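J.: So I've got this file, work-v2.txt, and it contains compact mmCIF, C-alpha atoms:
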# COMPACT_ATOMS: atom_id res chain seq x y z
CA MET A 252 -12.58 -24.66 -18.68
CA ASN A 253 -12.45 -22.53 -15.52
CA ASP A 254 -8.96 -22.69 -14.00
CA ARG A 255 -9.56 -19.99 -11.40
CA PHE A 256 -8.91 -20.74 -7.73
CA LEU A 257 -10.86 -18.33 -5.55
CA THR A 258 -10.05 -17.65 -1.91
CA LEU A 259 -12.34 -15.77 0.43
CA ALA A 260 -10.16 -14.23 3.15
CA ILE A 261 -11.17 -12.80 6.53
CA GLU A 262 -9.11 -10.51 8.79
CA SER A 263 -10.24 -9.42 12.27
CA SER A 264 -7.09 -9.37 14.39
CA CYS A 265 -7.56 -5.86 15.77
CA ASP A 266 -10.03 -3.08 14.92
CA GLU A 267 -10.72 -3.63 11.23
CA THR A 268 -13.25 -6.10 9.91
CA ALA A 269 -11.99 -7.06 6.48
CA ALA A 270 -12.83 -9.54 3.74
CA ALA A 271 -11.37 -10.09 0.29
CA VAL A 272 -11.62 -12.41 -2.68
CA LEU A 273 -8.46 -13.42 -4.54
CA ASP A 274 -7.89 -15.45 -7.67
CA GLY A 275 -4.75 -17.45 -6.95
CA GLY A 276 -2.24 -15.84 -4.64
CA ARG A 277 -1.85 -12.45 -6.28
CA GLN A 278 -4.93 -11.23 -8.16
CA VAL A 279 -7.27 -9.25 -5.91
CA LEU A 280 -10.90 -9.27 -7.03
CA SER A 281 -12.18 -7.38 -3.99
CA ASN A 282 -10.75 -6.02 -0.74
CA VAL A 283 -13.29 -4.60 1.70
CA ILE A 284 -12.34 -2.98 5.03
CA SER A 285 -14.67 -1.68 7.73
CA SER A 286 -12.55 0.49 10.01
CA GLN A 287 -13.28 1.21 13.67
CA ILE A 288 -10.81 4.10 14.04
CA ALA A 289 -13.51 6.71 14.63
CA ILE A 290 -14.99 4.59 17.43
CA HIS A 291 -11.75 3.92 19.30
CA GLU A 292 -10.30 7.40 18.78
CA ALA A 293 -12.45 8.72 21.60
CA TYR A 294 -10.78 6.26 24.00
CA GLY A 295 -7.22 6.99 22.91
CA GLY A 296 -6.68 3.42 21.67
CA VAL A 297 -8.39 0.18 20.76
CA VAL A 298 -10.84 -1.12 23.36
CA PRO A 299 -10.83 -4.93 22.88
CA GLU A 300 -14.42 -5.56 23.96
CA ILE A 301 -15.78 -2.85 21.68
CA ALA A 302 -13.66 -4.14 18.80
CA SER A 303 -15.07 -7.65 19.25
CA ARG A 304 -18.66 -6.41 19.31
CA LYS A 305 -18.17 -4.40 16.13
CA HIS A 306 -16.60 -7.41 14.39
CA LEU A 307 -19.68 -9.41 15.33
CA GLU A 308 -21.94 -6.75 13.82
CA ASN A 309 -19.88 -6.17 10.69
CA MET A 310 -18.65 -9.63 9.70
CA ASN A 311 -21.52 -10.91 7.57
CA PRO A 312 -22.16 -7.58 5.74
CA VAL A 313 -18.43 -7.12 5.00
CA VAL A 314 -18.05 -10.68 3.69
CA GLN A 315 -21.13 -10.32 1.50
CA CYS A 316 -19.81 -7.01 0.18
CA ALA A 317 -16.52 -8.69 -0.76
CA LEU A 318 -18.36 -11.41 -2.66
CA ASP A 319 -20.55 -8.87 -4.43
CA GLU A 320 -17.65 -6.64 -5.42
CA ALA A 321 -15.79 -9.64 -6.81
CA GLY A 322 -18.87 -10.69 -8.75
CA VAL A 323 -18.90 -14.20 -7.28
CA THR A 324 -21.13 -16.33 -5.08
CA TRP A 325 -20.41 -18.86 -2.36
CA LYS A 326 -20.51 -21.64 -4.95
CA ASP A 327 -17.47 -20.10 -6.65
CA ILE A 328 -15.27 -20.07 -3.53
CA ASP A 329 -12.58 -22.78 -3.36
CA LEU A 330 -10.94 -21.86 -0.04
CA ILE A 331 -11.62 -19.80 3.06
CA GLY A 332 -8.60 -18.25 4.72
CA VAL A 333 -8.76 -16.50 8.09
CA THR A 334 -6.34 -14.80 10.46
CA HIS A 335 -6.09 -16.96 13.58
CA GLY A 336 -3.30 -15.03 15.34
CA PRO A 337 -1.60 -13.03 16.62
CA GLY A 338 -3.93 -10.25 17.76
CA LEU A 339 -6.72 -9.42 20.17
CA ILE A 340 -8.13 -12.77 21.19
CA GLY A 341 -11.77 -11.67 21.24
CA ALA A 342 -11.47 -10.09 17.81
CA LEU A 343 -9.72 -13.15 16.38
CA VAL A 344 -12.36 -15.51 17.78
CA ILE A 345 -15.09 -13.68 15.84
CA GLY A 346 -13.23 -14.06 12.55
CA VAL A 347 -12.28 -17.69 13.13
CA ALA A 348 -15.82 -18.62 14.23
CA ALA A 349 -17.29 -16.96 11.15
CA ALA A 350 -14.82 -18.69 8.83
CA LYS A 351 -15.55 -22.07 10.40
CA GLY A 352 -19.28 -21.48 10.01
CA TYR A 353 -18.92 -20.53 6.35
CA SER A 354 -16.66 -23.54 5.78
CA LEU A 355 -19.09 -25.96 7.38
CA ALA A 356 -22.17 -24.53 5.68
CA GLY A 357 -20.61 -24.45 2.23
CA ASN A 358 -18.35 -27.51 2.53
CA ILE A 359 -15.42 -25.26 1.63
CA PRO A 360 -11.83 -26.01 2.75
CA LEU A 361 -10.59 -23.82 5.61
CA ILE A 362 -7.12 -22.63 6.51
CA GLY A 363 -5.75 -20.44 9.31
CA VAL A 364 -3.19 -17.75 8.54
CA ASN A 365 -0.55 -16.11 10.72
CA HIS A 366 -1.22 -12.37 10.53
CA MET A 367 2.48 -11.60 10.09
CA TYR A 368 2.76 -13.96 7.11
CA GLY A 369 -0.11 -11.95 5.71
CA HIS A 370 1.82 -8.69 6.00
CA VAL A 371 4.79 -10.23 4.18
CA SER A 372 2.44 -11.58 1.51
CA SER A 373 1.12 -8.10 0.73
CA ASN A 374 4.22 -7.68 -1.40
CA PHE A 375 3.30 -10.70 -3.54
CA ILE A 376 0.21 -8.73 -4.56
CA THR A 377 2.08 -5.48 -5.19
CA TYR A 378 4.92 -7.21 -7.05
CA PRO A 379 3.63 -10.13 -9.18
CA ASP A 380 7.17 -11.27 -10.01
CA LEU A 381 8.51 -11.28 -6.44
CA GLU A 382 9.51 -14.74 -5.24
CA PRO A 383 11.22 -15.96 -2.05
CA PRO A 384 13.86 -16.05 -0.72
CA PHE A 385 14.42 -12.46 0.44
CA LEU A 386 15.03 -10.37 3.56
CA CYS A 387 12.08 -8.47 5.00
CA LEU A 388 11.63 -5.67 7.53
CA VAL A 389 8.29 -6.18 9.31
CA VAL A 390 7.10 -3.04 11.12
CA SER A 391 3.67 -2.84 12.74
CA GLY A 392 1.84 -1.97 15.93
CA GLY A 393 2.79 -5.25 17.56
CA HIS A 394 5.90 -6.38 15.71
CA THR A 395 9.31 -5.13 14.65
CA ASN A 396 11.34 -7.85 12.97
CA ILE A 397 14.00 -8.45 10.39
CA VAL A 398 13.30 -11.84 8.86
CA GLU A 399 14.57 -14.08 6.13
CA VAL A 400 11.65 -15.27 4.00
CA GLU A 401 12.97 -18.64 2.92
CA GLY A 402 9.74 -19.69 1.23
CA TYR A 403 6.06 -18.83 1.06
CA THR A 404 5.45 -20.72 4.29
CA LYS A 405 8.86 -20.57 5.95
CA ILE A 406 10.24 -17.50 7.71
CA LYS A 407 13.37 -17.28 9.86
CA VAL A 408 13.56 -14.44 12.41
CA LEU A 409 16.92 -12.64 12.41
CA GLY A 410 15.95 -9.88 14.81
CA SER A 411 12.93 -8.76 16.84
CA THR A 412 11.88 -6.12 19.33
CA ARG A 413 12.87 -6.65 22.94
CA ASP A 414 10.19 -4.31 24.29
CA ASP A 415 7.90 -1.90 22.43
CA ALA A 416 7.20 -2.53 18.77
CA VAL A 417 7.70 0.52 16.59
CA GLY A 418 3.98 1.11 16.04
CA GLU A 419 3.37 0.82 19.77
CA ALA A 420 6.08 3.42 20.41
CA TYR A 421 4.40 5.78 17.94
CA ASP A 422 1.07 5.41 19.73
CA LYS A 423 2.58 6.02 23.17
CA VAL A 424 4.53 9.08 22.06
CA ALA A 425 1.45 10.47 20.33
CA ARG A 426 -0.43 10.27 23.63
CA VAL A 427 2.44 11.99 25.47
CA ILE A 428 2.35 15.01 23.14
CA GLY A 429 -1.43 15.13 22.97
CA LEU A 430 -2.09 13.81 19.48
CA GLY A 431 -4.26 10.86 20.45
CA TYR A 432 -5.03 7.73 18.43
CA PRO A 433 -3.94 6.50 15.91
CA GLY A 434 -0.48 7.74 16.72
CA GLY A 435 1.49 6.66 13.65
CA PRO A 436 -0.28 8.71 10.96
CA LYS A 437 -0.66 11.72 13.28
CA ILE A 438 3.03 11.86 14.20
CA ASP A 439 4.01 11.34 10.56
CA LYS A 440 1.84 14.29 9.52
CA LEU A 441 2.94 16.61 12.34
CA ALA A 442 6.62 15.77 11.85
CA LYS A 443 6.51 17.36 8.40
CA GLU A 444 6.00 20.72 10.14
CA GLY A 445 8.90 20.24 12.56
CA ASN A 446 12.69 20.30 12.52
CA PRO A 447 14.10 16.76 12.95
CA GLU A 448 17.39 18.19 14.22
CA ALA A 449 15.92 20.55 16.84
CA ILE A 450 15.67 17.83 19.51
CA HIS A 451 18.05 14.89 19.52
CA PHE A 452 16.79 11.62 20.94
CA LYS A 453 19.31 8.84 21.45
CA ARG A 454 19.41 6.06 18.87
CA VAL A 455 19.46 2.62 20.47
CA TYR A 456 21.26 -0.07 18.44
CA LEU A 457 21.88 -2.62 21.22
CA GLU A 458 24.85 -5.00 20.90
CA LYS A 459 27.12 -4.82 17.91
CA GLU A 460 25.86 -6.99 15.04
CA SER A 461 22.48 -7.52 16.75
CA PHE A 462 19.40 -7.16 14.57
CA ASP A 463 17.11 -6.77 17.59
CA PHE A 464 15.29 -3.52 18.34
CA SER A 465 14.42 -1.54 21.45
CA PHE A 466 12.12 1.48 21.39
CA SER A 467 11.02 1.78 25.02
CA GLY A 468 13.97 4.04 25.79
CA ILE A 469 13.09 6.63 23.20
CA LYS A 470 9.49 6.62 24.40
CA THR A 471 10.75 7.37 27.92
CA ALA A 472 13.13 10.02 26.57
CA VAL A 473 10.24 11.85 24.92
CA LEU A 474 8.21 11.70 28.13
CA ASN A 475 11.16 13.03 30.17
CA TYR A 476 11.76 15.84 27.68
CA VAL A 477 8.12 16.93 27.71
CA ASN A 478 7.94 16.84 31.51
CA SER A 479 11.17 18.78 31.98
CA GLU A 480 10.09 21.47 29.52
CA ARG A 481 6.74 21.84 31.24
CA GLN A 482 8.36 22.10 34.66
CA ALA A 483 10.68 24.80 33.35
CA GLY A 484 7.72 26.69 31.91
CA ARG A 485 9.06 26.53 28.38
CA GLU A 486 6.93 26.19 25.27
CA ILE A 487 6.92 22.70 23.81
CA LYS A 488 7.10 22.64 20.04
CA THR A 489 5.25 19.39 19.43
CA ALA A 490 6.13 19.38 15.73
CA ASP A 491 9.84 19.34 16.63
CA VAL A 492 9.25 16.59 19.19
CA ALA A 493 7.41 14.51 16.60
CA ALA A 494 10.09 15.11 13.98
CA GLY A 495 12.95 14.33 16.36
CA PHE A 496 11.30 11.16 17.62
CA GLN A 497 10.46 9.94 14.13
CA GLU A 498 13.94 10.65 12.80
CA ALA A 499 15.52 8.61 15.59
CA VAL A 500 13.20 5.65 15.04
CA VAL A 501 13.55 5.70 11.27
CA GLU A 502 17.34 5.93 11.45
CA VAL A 503 17.52 2.78 13.57
CA LEU A 504 15.11 0.85 11.35
CA VAL A 505 16.92 1.80 8.15
CA THR A 506 20.43 1.28 9.53
CA LYS A 507 19.70 -2.21 10.84
CA SER A 508 17.86 -3.24 7.67
CA VAL A 509 20.74 -2.16 5.44
CA GLU A 510 23.23 -3.87 7.76
CA ALA A 511 21.26 -7.10 7.49
CA VAL A 512 21.32 -7.00 3.70
CA ASN A 513 25.03 -6.17 3.65
CA ARG A 514 25.91 -8.89 6.13
CA TYR A 515 24.18 -11.55 4.06
CA SER A 516 25.71 -10.47 0.76
CA SER A 517 28.51 -8.47 -0.79
CA LYS A 518 27.76 -5.30 -2.73
CA ASP A 519 28.67 -7.13 -5.92
CA ASP A 520 26.19 -9.90 -5.17
CA ASN A 521 23.07 -10.02 -7.34
CA SER A 522 21.36 -12.72 -5.28
CA PHE A 523 18.20 -12.40 -3.19
CA ASN A 524 20.21 -10.83 -0.40
CA ARG A 525 20.53 -7.56 -2.32
CA ARG A 526 16.76 -7.18 -2.00
CA LEU A 527 14.88 -5.64 0.92
CA VAL A 528 11.14 -6.13 1.29
CA VAL A 529 9.12 -4.07 3.78
CA ALA A 530 5.79 -5.04 5.35
CA GLY A 531 3.37 -3.95 8.07
CA GLY A 532 1.32 -0.90 8.97
CA VAL A 533 4.36 1.32 9.66
CA ALA A 534 5.49 0.64 6.07
CA ALA A 535 3.00 3.40 5.20
CA ASN A 536 5.08 5.97 7.11
CA SER A 537 6.25 8.60 4.63
CA ARG A 538 9.60 9.35 6.31
CA LEU A 539 10.46 5.65 6.61
CA ARG A 540 9.68 5.09 2.94
CA GLU A 541 11.73 8.13 1.94
CA ALA A 542 14.72 7.11 4.06
CA LEU A 543 14.61 3.51 2.82
CA VAL A 544 14.59 4.66 -0.81
CA GLU A 545 17.60 6.92 -0.16
CA ALA A 546 19.57 4.23 1.69
CA CYS A 547 18.80 1.42 -0.75
CA ASP A 548 19.71 3.60 -3.73
CA ARG A 549 23.02 4.43 -2.06
CA GLU A 550 23.74 0.80 -1.15
CA LYS A 551 22.50 -0.65 -4.46
CA ILE A 552 19.75 -2.65 -2.79
CA LYS A 553 16.50 -3.35 -4.62
CA LEU A 554 13.67 -2.13 -2.41
CA TYR A 555 10.12 -3.48 -2.35
CA LEU A 556 7.48 -1.35 -0.62
CA PRO A 557 3.86 -2.55 -0.53
CA GLU A 558 1.25 -0.24 -2.00
CA MET A 559 -0.26 2.02 0.62
CA GLY A 560 -3.61 0.26 0.77
CA LEU A 561 -1.91 -3.04 1.61
CA CYS A 562 0.29 -1.76 4.45
CA THR A 563 -2.34 -1.66 7.18
CA ASP A 564 -4.52 -4.62 8.15
CA ASN A 565 -6.52 -5.98 5.23
CA ALA A 566 -7.87 -9.31 4.04
CA ALA A 567 -6.21 -9.38 0.62
CA MET A 568 -2.83 -10.08 2.21
CA ILE A 569 -4.43 -12.87 4.26
CA GLY A 570 -5.87 -14.35 1.08
CA SER A 571 -2.45 -14.43 -0.55
CA ALA A 572 -0.85 -16.13 2.46
CA ALA A 573 -3.77 -18.57 2.70
CA TYR A 574 -3.42 -19.63 -0.93
CA TYR A 575 0.27 -20.50 -0.65
CA LYS A 576 -0.14 -22.24 2.71
CA TYR A 577 -3.02 -24.33 1.39
CA LYS A 578 -1.05 -25.32 -1.72
CA GLU A 579 1.76 -26.65 0.47
CA TYR A 580 -0.04 -28.13 3.46
CA GLY A 581 -3.69 -28.58 2.54
CA PRO A 582 -6.64 -27.47 4.71
CA ASP A 583 -7.10 -27.20 8.44
CA ASP A 584 -10.04 -28.87 10.14
CA LEU A 585 -12.78 -27.34 12.25
CA SER A 586 -10.64 -27.59 15.39
CA LEU A 587 -8.79 -24.49 14.14
CA ASP A 588 -8.39 -22.08 17.05
CA ALA A 589 -7.45 -18.43 17.63
CA TYR A 590 -4.23 -17.41 19.41
CA ALA A 591 -3.40 -14.00 20.83
CA ASP A 592 0.30 -14.88 20.58
CA LEU A 593 1.44 -16.67 17.45
CA SER A 594 5.08 -16.54 16.48
CA PHE A 595 6.60 -16.66 13.02
Please rewrite the model in this file as structure tokens.

T.:
Amino acid sequence: MNDRFLTLAIESSCDETAAAVLDGGRQVLSNVISSQIAIHEAYGGVVPEIASRKHLENMNPVVQCALDEAGVTWKDIDLIGVTHGPGLIGALVIGVAAAKGYSLAGNIPLIGVNHMYGHVSSNFITYPDLEPPFLCLVVSGGHTNIVEVEGYTKIKVLGSTRDDAVGEAYDKVARVIGLGYPGGPKIDKLAKEGNPEAIHFKRVYLEKESFDFSFSGIKTAVLNYVNSERQAGREIKTADVAAGFQEAVVEVLVTKSVEAVNRYSSKDDNSFNRRLVVAGGVAANSRLREALVEACDREKIKLYLPEMGLCTDNAAMIGSAAYYKYKEYGPDDLSLDAYADLSF
């Protein structure tokens, strides 16, 4: 008797065409990613029209590769899950249209997945025993949130960014100091060569007890610093700028995350509130991971960090989220649409 439940998942919300096959919600049989970084690097950021065209070219080969690597055929697939928001609308439309076509042709149930639920679900793959409820810090190019994951399909937002998301701030600062795209990994690498205390950038915590974030100010502070140094004819040590910027951002993220855990539980509490889960592309940042480990060890908080390959956009996380959503709500129909803005 075959008790496997196989999900084919598709992710195309930005500049990566990805497909994966999962057995259940946690066992990854394949996870294929076709990255467009080299293409967009020349433009200093993602060009939406180019991203959409590359998704159109890559979708069928990437999906077939995922099936082949998993050692399965279309007849074995029980569910098709696809990111239908948030993201670049043109890129999302390609993925949703492909998923609907596969669903119709193979008579396979279809379900749309919120990209951010996918990021949270990456931890279900990394940690097979992790179960909701828990608190989660979501940090990516488009989102910075502290959320309470009440269930596999229910998330309550406790705090969000009021302007730039943390990943967006990294990209903008990288352009200011001449690093280019993608900003996050380049700043993280350069910061290791700099002194994080050489240049102090103000930490913005907003109102007392608020779990919201604001990173536009620090982006402006970096720009002002660079301009003033150039006007004065002084040498700009970009490694110190990168290190100072990153230290300020990381300090805010870690401080607010620990405060959220501590507010929702006492230090003697062994409930879910003494756990902190991290998700999103910026979860791959080495300084953030290091600082979170230090803070959570000090505060006796159990920390969950997704494996590096599941931090950035991938289809395995979408497959996990799709499985749990389907089990609770059943399939969507072919009227499923793509949405550039899709809230938790």

J.: Rounded to one decimal, what separation in Å do you get between CA of Ala260 (chain A) and CA of Ala302 (chain A)?

T.: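 Spanning CA of Ala260 (chain A) to CA of Ala302 (chain A) is a straight-line distance of 18.9 Å.
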
J.: Write out as a VMD selection string which residues come within 12 Å of Leu257 (chain A) when counting all atoms listed in the file, dropping same-chain ones fewer than 2 positions away.

T.: chain A and resid 253 to 255 259 to 260 271 to 281 318 321 to 332 359 to 360 567 570 to 571 573 to 574

J.: Go through region 361-409 of chain A and flag each residue having an atom no more than 12 Å from region 432-444 of chain A; for those, report the closest pair of atoms plus their distance in Å to one decimal, using only C-alpha atoms, ordered by chain and rising number, as CSV.

T.:
residue,atom,partner,partner_atom,distance
A:Val390,CA,A:Gly435,CA,11.5
A:Ser391,CA,A:Gly435,CA,9.8
A:Gly392,CA,A:Gly435,CA,8.9

J.: Rounded to one decimal place, report the CA of Ala342 (chain A)-CA of Ile406 (chain A) distance in Å.

T.: 25.1 Å

J.: In terms of the shortest atom-to-atom distance over all atoms listed in the file, which of A:Ala289, A:Leu474, A:Leu539, A:Leu527 is closest to Leu381 (chain A)?

T.: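 Selected residue with least distance to Leu381 (chain A): A:Leu527.
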
J.: Just checking: using all atoms listed in the file, which residue out of A:Gly410, A:Gly393, A:Pro557, A:Gly581 ends up closest to Ile376 (chain A)?

T.: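 Of the candidates, the smallest distance to Ile376 (chain A) is held by A:Pro557.
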
J.: Could you state the separation of CA of His291 (chain A) and CA of Arg304 (chain A) in Å, given to one decimal place?

T.: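 These two atoms are separated by 12.4 Å.
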
J.: For Gly346 (chain A), which residue out of A:Thr412, A:Ser286, A:Ser264, A:Thr404 is the nearest one, using all atoms listed in the file?

T.: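 Selected residue with least distance to Gly346 (chain A): A:Ser264.
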
J.: Pick out the closest residue to Arg481 (chain A) from this set: A:Lys553, A:Glu267, A:Ile428, A:Ala499. Count all atoms listed in the file.

T.: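 Checking each of A:Lys553, A:Glu267, A:Ile428, A:Ala499 against Arg481 (chain A), counting all atoms listed in the file, the winner is A:Ile428.
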
J.: When distances are computed from only C-alpha atoms, which of A:Ser411, A:Glu498, A:Ala535, A:Asp592 shows the smallest separation from Gly560 (chain A)?

T.: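 Under the stated criterion, the closest residue is A:Ala535.
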
J.: Around region 503-513 of chain A, with edges along x, y and z and 3 Å added on all six sides, what centre and edge lengths do you get, in Å to one decimal, as JSON?

T.:
{"center_x": 20.1, "center_y": -2.2, "center_z": 8.6, "size_x": 15.9, "size_y": 15.9, "size_z": 15.9}

J.: Pick from A:Ala566, A:Arg540, A:Leu585, A:Gln287: nearest to Ala356 (chain A), with all atoms listed in the file counted?

T.: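 So, comparing all the options, the nearest one is A:Leu585.
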
J.: As a PyMOL selection string, please: the residues near Phe595 (chain A) (cut-off 9 Å, all atoms listed in the file, same-chain neighbours under 3 positions excluded).

T.: chain A and resi 365+367-368+405-408

J.: Using only C-alpha atoms, which residues sit within 8 Å of region 502-514 of chain A once same-chain residues fewer than 2 positions away are excluded, as a PyMOL selection string?

T.: chain A and resi 386+388+397+454-456+462+498-500+516-518+524-527+539+542-543+546-547+550+552

J.: Residues at most 9 Å from Val344 (chain A), counting all atoms listed in the file, excluding those fewer than 6 positions away in the same chain, as a CSV table (one decimal) with C-alpha atoms, in the frame of the given file?

T.:
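Okay, around.csv is ready:
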chain,number,residue,atom,x,y,z
A,263,SER,CA,-10.2,-9.4,12.3
A,264,SER,CA,-7.1,-9.4,14.4
A,303,SER,CA,-15.1,-7.6,19.2
A,335,HIS,CA,-6.1,-17.0,13.6
A,588,ASP,CA,-8.4,-22.1,17.0
A,589,ALA,CA,-7.4,-18.4,17.6
A,590,TYR,CA,-4.2,-17.4,19.4
